[in-house]
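The block underneath contains the structure these notes are about, expressed in C-alpha cells.
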Amino acid sequence: QVQLVESGGGLVQAGGSLRLSCAASGRTFSNYAVGWFRQAPGKEREFVAAIRGSGVSTYYADSVKGRFTISRDNAKNTVYLQMNSLKPEDTADYSCAAVLGVTSPISTYYIRPRTYDYWGQGTQVTVSS
C-alpha cells in the first residue's frame, strides 16, 4: 500500500509559478513511477507529466512542455511538479498517482489514469488572469 499526499497548490496570477509536492509513504518509493494529472470542472482528467522510479525518464503533455518540470527525490519519498509561466487554463485540481514501475514506454503506458494503483486527494491550483 502506498499513501500519497499532495501539497503546494494555491492561487497565483498568470505568469507566476507554483511547486507542487507529492509525498509518499508505505513502500520503497523508488520502485514506483509517478504521474501528475489534473481535472478542471466539467472536464475529463488530463495527463500532465510522469516520471519513472529512477527519475531518469520523464514525459510531459504538450500543453505543459517547456513550462512544467517533474522531478523526484527518492531519499525524501517525494515527487515535485514545478510549474512556471502559469496560464488561466492551467486552473484545475492536481493529483499525483503511483504505480509499481514496468518497462513499458512512458509515452503511452504512464499517460493513462487507469495505469495507476494509488492516488492522492488532490490540490487545487487557480491561475487568475
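Chain labels run A, B, ... following the order of the C-alpha cells; each chain numbers its residues from 1, and ligands are numbered from 1 in the order shown.
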
Within 9 Å of Gln124 in chain A, counting only C-alpha atoms, which residues show up once you throw out same-chain ones fewer than 5 positions away? Write them as a ChimeraX atom specification, please.
/A:7-11,91-95

Which neighbours of range 29-31 of chain A fall inside 9 Å, counting only C-alpha atoms, when residues of the same chain fewer than 5 positions from it are skipped, and could you give them as a ChimeraX atom specification?
/A:2,24,52-55,73-75,77-78,99-101

Output the selection as a PDB file, in the first residue's frame - N, CA and C atoms for each residue.
```pdb
ATOM      1  N   VAL A   2       0.530   2.204  -0.822  1.00  0.00           N
ATOM      2  CA  VAL A   2       1.242   3.474  -0.907  1.00  0.00           C
ATOM      3  C   VAL A   2       0.247   4.589  -0.636  1.00  0.00           C
ATOM      4  N   ALA A  24       5.080  10.512  -0.478  1.00  0.00           N
ATOM      5  CA  ALA A  24       4.631   9.124  -0.450  1.00  0.00           C
ATOM      6  C   ALA A  24       5.101   8.420   0.804  1.00  0.00           C
ATOM      7  N   ARG A  52       9.663   8.090 -14.179  1.00  0.00           N
ATOM      8  CA  ARG A  52       9.964   6.722 -13.750  1.00  0.00           C
ATOM      9  C   ARG A  52      10.564   6.720 -12.341  1.00  0.00           C
ATOM     10  N   GLY A  53      10.603   5.530 -11.745  1.00  0.00           N
ATOM     11  CA  GLY A  53      11.082   5.422 -10.383  1.00  0.00           C
ATOM     12  C   GLY A  53      12.500   5.915 -10.178  1.00  0.00           C
ATOM     13  N   SER A  54      13.355   5.692 -11.170  1.00  0.00           N
ATOM     14  CA  SER A  54      14.747   6.133 -11.077  1.00  0.00           C
ATOM     15  C   SER A  54      14.885   7.630 -11.251  1.00  0.00           C
ATOM     16  N   GLY A  55      13.868   8.250 -11.852  1.00  0.00           N
ATOM     17  CA  GLY A  55      13.932   9.678 -12.141  1.00  0.00           C
ATOM     18  C   GLY A  55      14.627  10.007 -13.449  1.00  0.00           C
ATOM     19  N   ASP A  73      12.795  13.147  -5.475  1.00  0.00           N
ATOM     20  CA  ASP A  73      13.846  12.928  -4.506  1.00  0.00           C
ATOM     21  C   ASP A  73      13.460  11.660  -3.755  1.00  0.00           C
ATOM     22  N   ASN A  74      14.034  10.546  -4.154  1.00  0.00           N
ATOM     23  CA  ASN A  74      13.640   9.265  -3.553  1.00  0.00           C
ATOM     24  C   ASN A  74      14.077   9.148  -2.094  1.00  0.00           C
ATOM     25  N   ALA A  75      15.100   9.890  -1.726  1.00  0.00           N
ATOM     26  CA  ALA A  75      15.517   9.883  -0.317  1.00  0.00           C
ATOM     27  C   ALA A  75      14.450  10.519   0.569  1.00  0.00           C
ATOM     28  N   ASN A  77      11.196  10.510  -0.499  1.00  0.00           N
ATOM     29  CA  ASN A  77       9.923   9.907  -0.933  1.00  0.00           C
ATOM     30  C   ASN A  77       8.967  10.964  -1.483  1.00  0.00           C
ATOM     31  N   THR A  78       9.494  11.860  -2.295  1.00  0.00           N
ATOM     32  CA  THR A  78       8.690  12.977  -2.775  1.00  0.00           C
ATOM     33  C   THR A  78       8.920  13.215  -4.264  1.00  0.00           C
ATOM     34  N   VAL A  99       2.367   3.913  -9.403  1.00  0.00           N
ATOM     35  CA  VAL A  99       2.205   2.520  -9.802  1.00  0.00           C
ATOM     36  C   VAL A  99       3.578   1.859  -9.791  1.00  0.00           C
ATOM     37  N   LEU A 100       3.610   0.591  -9.443  1.00  0.00           N
ATOM     38  CA  LEU A 100       4.868  -0.139  -9.478  1.00  0.00           C
ATOM     39  C   LEU A 100       5.399  -0.100 -10.906  1.00  0.00           C
ATOM     40  N   GLY A 101       6.649   0.302 -11.048  1.00  0.00           N
ATOM     41  CA  GLY A 101       7.199   0.544 -12.363  1.00  0.00           C
ATOM     42  C   GLY A 101       7.363  -0.697 -13.221  1.00  0.00           C
TER      43      GLY A 101
END
```

Where in chain A does DSSP assign strand (DSSP E or B), given as a PyMOL selection string?
chain A and resi 3-7+10-13+18-25+32-39+46-51+58-60+68-73+78-83+92-100+118-119+123-128

Using only C-alpha atoms, please write the residues we just selected to a file, as a PDB file, in the first residue's frame.
```
ATOM      1  CA  GLN A   3      -0.217   6.654   0.513  1.00  0.00           C
ATOM      2  CA  LEU A   4       0.174   9.883  -1.432  1.00  0.00           C
ATOM      3  CA  VAL A   5      -0.357  13.416  -0.160  1.00  0.00           C
ATOM      4  CA  GLU A   6      -0.175  16.463  -2.432  1.00  0.00           C
ATOM      5  CA  SER A   7       0.619  19.978  -1.308  1.00  0.00           C
ATOM      6  CA  GLY A  10      -2.939  27.829  -4.331  1.00  0.00           C
ATOM      7  CA  LEU A  11      -3.924  30.995  -6.132  1.00  0.00           C
ATOM      8  CA  VAL A  12      -1.395  32.639  -8.443  1.00  0.00           C
ATOM      9  CA  GLN A  13      -1.501  35.280 -11.158  1.00  0.00           C
ATOM     10  CA  LEU A  18       4.000  27.130  -8.108  1.00  0.00           C
ATOM     11  CA  ARG A  19       5.698  23.956  -6.974  1.00  0.00           C
ATOM     12  CA  LEU A  20       3.532  21.004  -6.117  1.00  0.00           C
ATOM     13  CA  SER A  21       4.775  18.177  -3.920  1.00  0.00           C
ATOM     14  CA  CYS A  22       3.610  14.582  -3.748  1.00  0.00           C
ATOM     15  CA  ALA A  23       4.790  12.903  -0.566  1.00  0.00           C
ATOM     16  CA  ALA A  24       4.631   9.124  -0.450  1.00  0.00           C
ATOM     17  CA  SER A  25       4.719   6.602   2.344  1.00  0.00           C
ATOM     18  CA  TYR A  32       7.189   3.355  -8.313  1.00  0.00           C
ATOM     19  CA  ALA A  33       6.525   5.513 -11.334  1.00  0.00           C
ATOM     20  CA  VAL A  34       4.555   8.649 -10.565  1.00  0.00           C
ATOM     21  CA  GLY A  35       2.253  10.710 -12.707  1.00  0.00           C
ATOM     22  CA  TRP A  36       0.603  14.069 -12.262  1.00  0.00           C
ATOM     23  CA  PHE A  37      -2.918  14.564 -13.573  1.00  0.00           C
ATOM     24  CA  ARG A  38      -5.327  17.466 -13.443  1.00  0.00           C
ATOM     25  CA  GLN A  39      -9.040  17.914 -13.729  1.00  0.00           C
ATOM     26  CA  GLU A  46      -5.945  15.115 -18.086  1.00  0.00           C
ATOM     27  CA  PHE A  47      -2.385  13.778 -18.041  1.00  0.00           C
ATOM     28  CA  VAL A  48       0.237  16.362 -17.116  1.00  0.00           C
ATOM     29  CA  ALA A  49       3.603  14.650 -16.524  1.00  0.00           C
ATOM     30  CA  ALA A  50       5.154  11.352 -15.480  1.00  0.00           C
ATOM     31  CA  ILE A  51       8.468  10.177 -14.118  1.00  0.00           C
ATOM     32  CA  THR A  58      10.163  11.911 -17.795  1.00  0.00           C
ATOM     33  CA  TYR A  59       7.307  12.735 -20.137  1.00  0.00           C
ATOM     34  CA  TYR A  60       5.025  15.743 -20.499  1.00  0.00           C
ATOM     35  CA  PHE A  68       6.419  22.384 -16.146  1.00  0.00           C
ATOM     36  CA  THR A  69       9.168  20.157 -14.753  1.00  0.00           C
ATOM     37  CA  ILE A  70       8.638  16.894 -12.907  1.00  0.00           C
ATOM     38  CA  SER A  71      11.362  15.617 -10.605  1.00  0.00           C
ATOM     39  CA  ARG A  72      11.770  13.363  -7.610  1.00  0.00           C
ATOM     40  CA  ASP A  73      13.846  12.928  -4.506  1.00  0.00           C
ATOM     41  CA  THR A  78       8.690  12.977  -2.775  1.00  0.00           C
ATOM     42  CA  VAL A  79       7.879  13.906  -6.357  1.00  0.00           C
ATOM     43  CA  TYR A  80       7.686  17.546  -7.404  1.00  0.00           C
ATOM     44  CA  LEU A  81       5.935  19.412 -10.174  1.00  0.00           C
ATOM     45  CA  GLN A  82       7.492  22.814 -10.808  1.00  0.00           C
ATOM     46  CA  MET A  83       5.014  24.923 -12.745  1.00  0.00           C
ATOM     47  CA  ALA A  92      -7.540  22.595 -12.079  1.00  0.00           C
ATOM     48  CA  ASP A  93      -7.349  20.121  -9.262  1.00  0.00           C
ATOM     49  CA  TYR A  94      -3.959  18.427  -9.497  1.00  0.00           C
ATOM     50  CA  SER A  95      -3.432  14.864  -8.306  1.00  0.00           C
ATOM     51  CA  CYS A  96      -0.427  12.607  -8.182  1.00  0.00           C
ATOM     52  CA  ALA A  97      -0.642   8.884  -8.747  1.00  0.00           C
ATOM     53  CA  ALA A  98       1.775   5.971  -8.350  1.00  0.00           C
ATOM     54  CA  VAL A  99       2.205   2.520  -9.802  1.00  0.00           C
ATOM     55  CA  LEU A 100       4.868  -0.139  -9.478  1.00  0.00           C
ATOM     56  CA  TYR A 118      -2.602   4.740  -5.897  1.00  0.00           C
ATOM     57  CA  TRP A 119      -3.891   8.297  -5.889  1.00  0.00           C
ATOM     58  CA  THR A 123      -4.532  20.036  -4.519  1.00  0.00           C
ATOM     59  CA  GLN A 124      -6.257  22.979  -6.169  1.00  0.00           C
ATOM     60  CA  VAL A 125      -4.355  25.313  -8.476  1.00  0.00           C
ATOM     61  CA  THR A 126      -6.078  28.512  -9.550  1.00  0.00           C
ATOM     62  CA  VAL A 127      -4.457  30.884 -12.026  1.00  0.00           C
ATOM     63  CA  SER A 128      -6.026  34.321 -12.324  1.00  0.00           C
TER      64      SER A 128
END
```

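Remark: for Ala61 in chain A, the closest of the candidate residues A:Ser129, A:Thr108, A:Thr115, A:Gln121 is A:Thr108 (distances computed over only C-alpha atoms).
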
Which residue of A:Arg45, A:Arg27, A:Arg112, A:Ser63 approaches Glu89 in chain A most closely, using only C-alpha atoms
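Looking only at the distances to Glu89 in chain A, the closest residue turns out to be A:Ser63.
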
Just give me the gap between CA of Gly15 in chain A and CA of Asn84 in chain A in Å, one decimal is fine.
7.0 Å

DSSP on the backbone: which residues in range 70-117 of chain A end up as helix (DSSP H, G or I)? Give the answer as a ChimeraX atom specification.
/A:88-90,106-109,113-115
